[in-house]
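Notes follow the structure.
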Amino acid sequence: DYTLSSILILNANEVVSGFVNGSIVIWEIVTGRFIRELDGHRDKIISMSKLSDGCILSNSRDKTLRLWNNFNNTKLVTTNDYLIKSIHVLPNDNIVTRSHENLRLWSVESGIFTSDTICSDYNVYDISSISNLSNGHILTGHEDGSIRIWIKESDIWNFKYLKSFEGKHMPVNNLLVLENDRIIYGNDYNLYICKITTNKTVDIYN
């Protein structure tokens with residue numbers, strides 16, 4: 001079933017499409033020319049992201065994450081106990097994943113995936129979006145309209161629930177970090193700009 005389920009802009013010349021049958025295909029943007037197919041997943045591609053070195057990270061309903069080298073078509077695989085709902089790549093190429101059961105931080109060294117559990121309690125179940133601050137802290141948006149900050153302590157990736165922004169009682173569907181200690185996030189009707197240190201909304205767009 002070559003029904004499109006995910007798309008990723010790889011660079012100025014190439015786009016990547018993921019399909020319901022687990023296939024991943026790289027195309028040339030201008031001409032639409034087929035470049036190559038990445039074969040390995042056995043179920044729907046849920047999402048894809050790009051690492052700084054150009055590798056493609058793919059998440060599938062077959063409960064695997066795969067890291068693909070676009071140039072020689074090699075892949076590095078990890079199998080997960082839970083279905084991952086979303087992935088977020090940090091600036092240092094560490095990876096945050098969310099399932100219904102946990103929020104995990106992954107790193108990849110020499111082709112080996114290692115992970116730490118950030119959280120595995122009720123704070124995870126309703127996560128609807130993920131972003132990060134430049135200092136390494138993780139932001140999560142939730143179905144109840146709250147935004148939570150997870151802190152890196154010392155040199156260990158050990159996150160904890162810090163505080164909740166005043167809820168808008170709508171899911172935080174998008175969450176991005178701006179300059180000057182601000183974030184922008186949206187629900188079904190509005191976009192909000194909020195200052196992190198004061199937890200005050202400074203602009204509303206509707």
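Residue numbering restarts at 1 for every chain of the structure tokens, chains are lettered A, B, ... in their displayed order, and ligands are numbered from 1 as they appear.
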Exercise. Please identify all polymer residues within 9 Å of Asp62 of chain A, counting only C-alpha atoms, omitting same-chain residues fewer than 3 positions from it, and present them as a ChimeraX atom specification.
Key: /A:22,41-45,59,65,79,83
Dump all heavy atoms for the selected residues as an mmCIF file, in the first residue's frame?
data_model
loop_
_atom_site.group_PDB
_atom_site.id
_atom_site.type_symbol
_atom_site.label_atom_id
_atom_site.label_comp_id
_atom_site.auth_asym_id
_atom_site.auth_seq_id
_atom_site.Cartn_x
_atom_site.Cartn_y
_atom_site.Cartn_z
ATOM 1 N N GLY A 22 5.387 0.678 4.934
ATOM 2 C CA GLY A 22 6.711 0.680 5.548
ATOM 3 C C GLY A 22 7.827 1.111 4.624
ATOM 4 O O GLY A 22 8.976 1.239 5.062
ATOM 5 N N HIS A 41 11.487 -1.408 7.110
ATOM 6 C CA HIS A 41 10.295 -1.375 7.955
ATOM 7 C C HIS A 41 9.222 -2.308 7.393
ATOM 8 O O HIS A 41 9.140 -2.522 6.186
ATOM 9 C CB HIS A 41 9.744 0.039 8.051
ATOM 10 C CG HIS A 41 10.529 0.926 8.968
ATOM 11 N ND1 HIS A 41 10.707 0.640 10.303
ATOM 12 C CD2 HIS A 41 11.189 2.095 8.734
ATOM 13 C CE1 HIS A 41 11.430 1.603 10.859
ATOM 14 N NE2 HIS A 41 11.741 2.490 9.926
ATOM 15 N N ARG A 42 8.399 -2.829 8.292
ATOM 16 C CA ARG A 42 7.362 -3.777 7.898
ATOM 17 C C ARG A 42 5.959 -3.276 8.202
ATOM 18 O O ARG A 42 4.997 -4.028 8.125
ATOM 19 C CB ARG A 42 7.607 -5.121 8.599
ATOM 20 C CG ARG A 42 8.889 -5.802 8.151
ATOM 21 C CD ARG A 42 8.808 -6.202 6.683
ATOM 22 N NE ARG A 42 10.057 -6.754 6.169
ATOM 23 C CZ ARG A 42 10.928 -6.083 5.422
ATOM 24 N NH1 ARG A 42 10.675 -4.822 5.111
ATOM 25 N NH2 ARG A 42 12.041 -6.648 4.999
ATOM 26 N N ASP A 43 5.842 -1.992 8.560
ATOM 27 C CA ASP A 43 4.518 -1.430 8.828
ATOM 28 C C ASP A 43 4.591 0.072 8.595
ATOM 29 O O ASP A 43 5.653 0.627 8.276
ATOM 30 C CB ASP A 43 4.069 -1.758 10.258
ATOM 31 C CG ASP A 43 2.541 -1.827 10.400
ATOM 32 O OD1 ASP A 43 1.853 -1.149 9.613
ATOM 33 O OD2 ASP A 43 2.060 -2.546 11.287
ATOM 34 N N LYS A 44 3.501 0.758 8.795
ATOM 35 C CA LYS A 44 3.332 2.173 8.487
ATOM 36 C C LYS A 44 4.459 3.039 9.054
ATOM 37 O O LYS A 44 4.847 2.894 10.209
ATOM 38 C CB LYS A 44 1.987 2.641 9.043
ATOM 39 C CG LYS A 44 1.704 4.121 8.855
ATOM 40 C CD LYS A 44 0.379 4.481 9.483
ATOM 41 C CE LYS A 44 0.094 5.972 9.369
ATOM 42 N NZ LYS A 44 -1.219 6.334 9.975
ATOM 43 N N ILE A 45 4.968 3.971 8.231
ATOM 44 C CA ILE A 45 5.922 4.970 8.691
ATOM 45 C C ILE A 45 5.142 6.065 9.413
ATOM 46 O O ILE A 45 4.307 6.740 8.803
ATOM 47 C CB ILE A 45 6.727 5.563 7.526
ATOM 48 C CG1 ILE A 45 7.445 4.458 6.748
ATOM 49 C CG2 ILE A 45 7.713 6.599 8.048
ATOM 50 C CD1 ILE A 45 8.428 3.659 7.566
ATOM 51 N N ASN A 59 10.532 6.210 12.130
ATOM 52 C CA ASN A 59 9.767 5.584 13.198
ATOM 53 C C ASN A 59 8.570 4.884 12.577
ATOM 54 O O ASN A 59 7.818 5.489 11.812
ATOM 55 C CB ASN A 59 9.312 6.659 14.190
ATOM 56 C CG ASN A 59 8.304 6.155 15.186
ATOM 57 O OD1 ASN A 59 8.361 5.000 15.602
ATOM 58 N ND2 ASN A 59 7.374 7.015 15.575
ATOM 59 N N LEU A 65 12.821 1.886 15.502
ATOM 60 C CA LEU A 65 13.457 3.092 14.989
ATOM 61 C C LEU A 65 14.572 2.627 14.065
ATOM 62 O O LEU A 65 15.312 1.702 14.404
ATOM 63 C CB LEU A 65 14.065 3.925 16.114
ATOM 64 C CG LEU A 65 13.158 4.711 17.044
ATOM 65 C CD1 LEU A 65 14.004 5.362 18.126
ATOM 66 C CD2 LEU A 65 12.390 5.765 16.270
ATOM 67 N N THR A 79 14.943 -2.138 18.383
ATOM 68 C CA THR A 79 13.562 -2.569 18.581
ATOM 69 C C THR A 79 13.069 -2.059 19.921
ATOM 70 O O THR A 79 13.746 -2.164 20.922
ATOM 71 C CB THR A 79 13.451 -4.101 18.544
ATOM 72 O OG1 THR A 79 13.942 -4.554 17.288
ATOM 73 C CG2 THR A 79 11.999 -4.534 18.704
ATOM 74 N N LEU A 83 5.023 1.135 21.043
ATOM 75 C CA LEU A 83 4.835 1.880 19.810
ATOM 76 C C LEU A 83 5.155 3.347 20.066
ATOM 77 O O LEU A 83 4.533 3.986 20.907
ATOM 78 C CB LEU A 83 3.388 1.728 19.332
ATOM 79 C CG LEU A 83 3.005 2.526 18.090
ATOM 80 C CD1 LEU A 83 3.807 2.044 16.886
ATOM 81 C CD2 LEU A 83 1.508 2.400 17.823
#
Self-check item: Spatial neighbours of Asp53 of chain A, max dist 9 Å, only C-alpha atoms, sep filter under 3 positions, as a list of chain:residue names
Solution: A:Lys50, A:Asn69, A:Asp93
Please write the residues from the selection above to a file, keeping N, CA and C atoms, as a PDB file, in the first residue's frame.
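Output file part.pdb follows:
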ATOM      1  N   LYS A  50      15.600  14.249  10.366  1.00  0.00           N
ATOM      2  CA  LYS A  50      16.944  14.252   9.798  1.00  0.00           C
ATOM      3  C   LYS A  50      17.954  14.642  10.877  1.00  0.00           C
ATOM      4  N   ASN A  69      21.718   5.694   6.506  1.00  0.00           N
ATOM      5  CA  ASN A  69      22.740   6.481   5.843  1.00  0.00           C
ATOM      6  C   ASN A  69      22.315   6.665   4.400  1.00  0.00           C
ATOM      7  N   ASP A  93      21.929  15.897  18.192  1.00  0.00           N
ATOM      8  CA  ASP A  93      21.530  14.655  17.525  1.00  0.00           C
ATOM      9  C   ASP A  93      21.047  13.574  18.485  1.00  0.00           C
TER      10      ASP A  93
END
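The interatomic distance for the pair atom CA of Phe19 of chain A and atom CA of Ser47 of chain A works out to 10.0 Å.
Among the candidates A:Ser86, A:Asp39, A:Gly54, A:Ile149, the one nearest to Arg66 of chain A when counting only C-alpha atoms is A:Asp39.
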Practice problem: Fewer than 4 positions away in the same chain doesn't count, so skip those; otherwise give me all residues within 9 Å of Asn13 of chain A, counting only C-alpha atoms, as a PyMOL selection string. | Solution: chain A and resi 9+27-30
Please write the residues from the selection above to a file, keeping C-alpha atoms, as a short mmCIF file (atom, residue, chain, number, x, y, z; two decimals), in the first residue's frame.
data_model
loop_
_atom_site.label_atom_id
_atom_site.label_comp_id
_atom_site.auth_asym_id
_atom_site.auth_seq_id
_atom_site.Cartn_x
_atom_site.Cartn_y
_atom_site.Cartn_z
CA ILE A 9 12.57 17.56 3.29
CA TRP A 27 12.93 11.68 -4.69
CA GLU A 28 14.50 14.58 -6.55
CA ILE A 29 12.39 17.66 -5.84
CA VAL A 30 12.65 19.53 -9.15
#
Practice problem: Write out as a count of residues only all residues of segment 23-205 of chain A that DSSP puts in strand (DSSP E or B) for this structure's backbone. | Solution: 99
Practice problem: With a distance cut-off of 9 Å and only C-alpha atoms, select the neighbouring residues of Ile138 of chain A, excluding the residue or stretch itself and same-chain residues fewer than 6 positions from it, and output the selection as a PyMOL selection string. | Solution: chain A and resi 96+130-132+148-152+159
Keeping only C-alpha atoms, take the residues you just selected and write them out as an mmCIF file, in the first residue's frame.
data_model
loop_
_atom_site.group_PDB
_atom_site.id
_atom_site.type_symbol
_atom_site.label_atom_id
_atom_site.label_comp_id
_atom_site.auth_asym_id
_atom_site.auth_seq_id
_atom_site.Cartn_x
_atom_site.Cartn_y
_atom_site.Cartn_z
ATOM 1 C CA VAL A 96 13.502 12.229 22.260
ATOM 2 C CA ILE A 130 7.823 18.126 22.072
ATOM 3 C CA SER A 131 10.520 20.792 21.709
ATOM 4 C CA ASN A 132 13.764 21.767 23.434
ATOM 5 C CA ARG A 148 6.046 21.227 31.094
ATOM 6 C CA ILE A 149 9.805 21.625 31.388
ATOM 7 C CA TRP A 150 12.151 18.705 31.972
ATOM 8 C CA ILE A 151 15.570 19.572 33.411
ATOM 9 C CA LYS A 152 18.980 18.068 32.681
ATOM 10 C CA PHE A 159 14.712 14.963 33.687
#
Self-check item: Spatial neighbours of Tyr82 of chain A, 10 Å, only C-alpha atoms, chain gap at least 4 places, as an NGL selection string
Solution: :A and (61-64 or 98-102)
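Atom CA of Tyr205 of chain A lies 28.0 Å from atom CA of Tyr125 of chain A.
Between atom CA of Thr97 of chain A and atom CA of Ser128 of chain A there is a distance of 11.8 Å.
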Self-check item: A:Leu51, A:Ile7, A:Ile183, A:Val16 ranked by distance to Glu37 of chain A, top pick (using only C-alpha atoms)
Solution: A:Val16
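Take the candidates A:Asp116, A:Asp1, A:Glu14, A:Asp181 and check each one against Ser134 of chain A using only C-alpha atoms; the shortest distance goes to A:Asp181.
When DSSP is run on the backbone, the residues of segment 89-157 of chain A that fall into alpha helix (DSSP H) are Tyr122, Asn123, Val124 and Tyr125 of chain A.
With only C-alpha atoms as the atoms that count, the minimum distance from Val172 of chain A to the choices A:Asp203, A:Glu153, A:Asp126, A:Asp121 is reached by A:Asp126.
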Exercise. Excluding Asn180 of chain A and residues on its chain fewer than 3 positions from it, collect all residues at most 12 Å away from it, counting only C-alpha atoms, and give them as a ChimeraX atom specification.
Key: /A:133-134,177,183-184,193-197
Could you take the residues named above and write them with all heavy atoms, as a tab-separated table (two decimals), in the first residue's frame?
chain	number	residue	atom	x	y	z
A	133	LEU	N	14.95	23.48	24.64
A	133	LEU	CA	15.61	24.76	24.84
A	133	LEU	C	17.10	24.60	24.52
A	133	LEU	O	17.64	23.50	24.51
A	133	LEU	CB	15.43	25.23	26.28
A	133	LEU	CG	13.99	25.42	26.76
A	133	LEU	CD1	13.96	25.82	28.22
A	133	LEU	CD2	13.27	26.47	25.91
A	134	SER	N	17.79	25.72	24.31
A	134	SER	CA	19.20	25.67	23.96
A	134	SER	C	20.06	25.13	25.08
A	134	SER	O	21.17	24.64	24.85
A	134	SER	CB	19.69	27.08	23.57
A	134	SER	OG	19.50	27.98	24.64
A	177	VAL	N	10.46	26.95	20.05
A	177	VAL	CA	11.22	27.87	20.89
A	177	VAL	C	11.69	29.05	20.04
A	177	VAL	O	12.26	28.87	18.96
A	177	VAL	CB	12.43	27.16	21.52
A	177	VAL	CG1	13.27	28.14	22.32
A	177	VAL	CG2	11.96	26.01	22.41
A	183	ILE	N	8.53	31.16	23.88
A	183	ILE	CA	8.07	30.02	23.10
A	183	ILE	C	6.78	30.40	22.40
A	183	ILE	O	6.05	31.30	22.84
A	183	ILE	CB	7.83	28.78	24.00
A	183	ILE	CG1	6.78	29.09	25.08
A	183	ILE	CG2	9.11	28.27	24.60
A	183	ILE	CD1	6.37	27.88	25.89
A	184	ILE	N	6.51	29.74	21.29
A	184	ILE	CA	5.25	29.92	20.60
A	184	ILE	C	4.57	28.56	20.52
A	184	ILE	O	5.21	27.55	20.24
A	184	ILE	CB	5.44	30.53	19.19
A	184	ILE	CG1	4.07	30.78	18.53
A	184	ILE	CG2	6.34	29.67	18.32
A	184	ILE	CD1	4.17	31.62	17.26
A	193	ILE	N	2.29	33.33	22.26
A	193	ILE	CA	3.71	33.53	22.55
A	193	ILE	C	3.84	33.78	24.04
A	193	ILE	O	3.18	34.66	24.60
A	193	ILE	CB	4.30	34.70	21.75
A	193	ILE	CG1	4.25	34.38	20.25
A	193	ILE	CG2	5.73	34.98	22.19
A	193	ILE	CD1	4.81	35.47	19.38
A	194	CYS	N	4.68	33.01	24.70
A	194	CYS	CA	4.79	33.05	26.16
A	194	CYS	C	6.25	33.20	26.55
A	194	CYS	O	7.14	32.61	25.92
A	194	CYS	CB	4.21	31.77	26.75
A	194	CYS	SG	4.27	31.68	28.54
A	195	LYS	N	6.50	33.98	27.57
A	195	LYS	CA	7.84	34.15	28.12
A	195	LYS	C	8.06	33.08	29.20
A	195	LYS	O	7.28	32.96	30.14
A	195	LYS	CB	8.03	35.54	28.71
A	195	LYS	CG	9.47	35.90	28.99
A	195	LYS	CD	9.61	37.38	29.30
A	195	LYS	CE	11.05	37.76	29.57
A	195	LYS	NZ	11.92	37.52	28.40
A	196	ILE	N	9.12	32.28	29.05
A	196	ILE	CA	9.30	31.12	29.91
A	196	ILE	C	9.55	31.50	31.36
A	196	ILE	O	8.96	30.94	32.28
A	196	ILE	CB	10.47	30.25	29.38
A	196	ILE	CG1	10.12	29.69	28.00
A	196	ILE	CG2	10.79	29.11	30.34
A	196	ILE	CD1	11.24	28.96	27.34
A	197	THR	N	10.41	32.48	31.60
A	197	THR	CA	10.80	32.80	32.97
A	197	THR	C	9.66	33.37	33.80
A	197	THR	O	9.60	33.18	35.01
A	197	THR	CB	11.97	33.79	32.98
A	197	THR	OG1	11.64	34.92	32.16
A	197	THR	CG2	13.23	33.13	32.45
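Nearest residue to Ile35 of chain A, choosing from A:Leu178, A:Leu57, A:Val15, A:Val20 and counting only C-alpha atoms: A:Val15.
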Considering only C-alpha atoms, return as a PDB file with all heavy atoms, in the first residue's frame whatever protein or nucleic-acid residues lie within 6 Å of Trp106 of chain A, sequence-local ones (same chain, fewer than 2 positions apart) excluded.
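The result, written out as part07.pdb:
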ATOM      1  N   ASN A  94      20.907  13.875  19.768  1.00  0.00           N
ATOM      2  CA  ASN A  94      20.158  12.968  20.630  1.00  0.00           C
ATOM      3  C   ASN A  94      18.689  13.014  20.212  1.00  0.00           C
ATOM      4  O   ASN A  94      18.236  13.971  19.586  1.00  0.00           O
ATOM      5  CB  ASN A  94      20.301  13.350  22.098  1.00  0.00           C
ATOM      6  CG  ASN A  94      21.634  12.910  22.668  1.00  0.00           C
ATOM      7  OD1 ASN A  94      22.334  12.082  22.096  1.00  0.00           O
ATOM      8  ND2 ASN A  94      21.997  13.475  23.803  1.00  0.00           N
ATOM      9  N   ILE A  95      17.948  11.995  20.561  1.00  0.00           N
ATOM     10  CA  ILE A  95      16.582  11.826  20.067  1.00  0.00           C
ATOM     11  C   ILE A  95      15.631  11.637  21.241  1.00  0.00           C
ATOM     12  O   ILE A  95      15.881  10.801  22.114  1.00  0.00           O
ATOM     13  CB  ILE A  95      16.497  10.600  19.137  1.00  0.00           C
ATOM     14  CG1 ILE A  95      17.480  10.742  17.973  1.00  0.00           C
ATOM     15  CG2 ILE A  95      15.070  10.397  18.633  1.00  0.00           C
ATOM     16  CD1 ILE A  95      17.903   9.420  17.375  1.00  0.00           C
ATOM     17  N   THR A 114      21.452   3.774  22.539  1.00  0.00           N
ATOM     18  CA  THR A 114      21.294   3.640  23.986  1.00  0.00           C
ATOM     19  C   THR A 114      20.241   4.642  24.435  1.00  0.00           C
ATOM     20  O   THR A 114      20.070   5.696  23.824  1.00  0.00           O
ATOM     21  CB  THR A 114      22.609   3.913  24.740  1.00  0.00           C
ATOM     22  OG1 THR A 114      23.081   5.242  24.415  1.00  0.00           O
ATOM     23  CG2 THR A 114      23.676   2.898  24.352  1.00  0.00           C
ATOM     24  N   SER A 115      19.518   4.320  25.503  1.00  0.00           N
ATOM     25  CA  SER A 115      18.430   5.208  25.897  1.00  0.00           C
ATOM     26  C   SER A 115      18.300   5.298  27.407  1.00  0.00           C
ATOM     27  O   SER A 115      18.716   4.414  28.143  1.00  0.00           O
ATOM     28  CB  SER A 115      17.098   4.721  25.311  1.00  0.00           C
ATOM     29  OG  SER A 115      16.699   3.505  25.907  1.00  0.00           O
TER      30      SER A 115
END
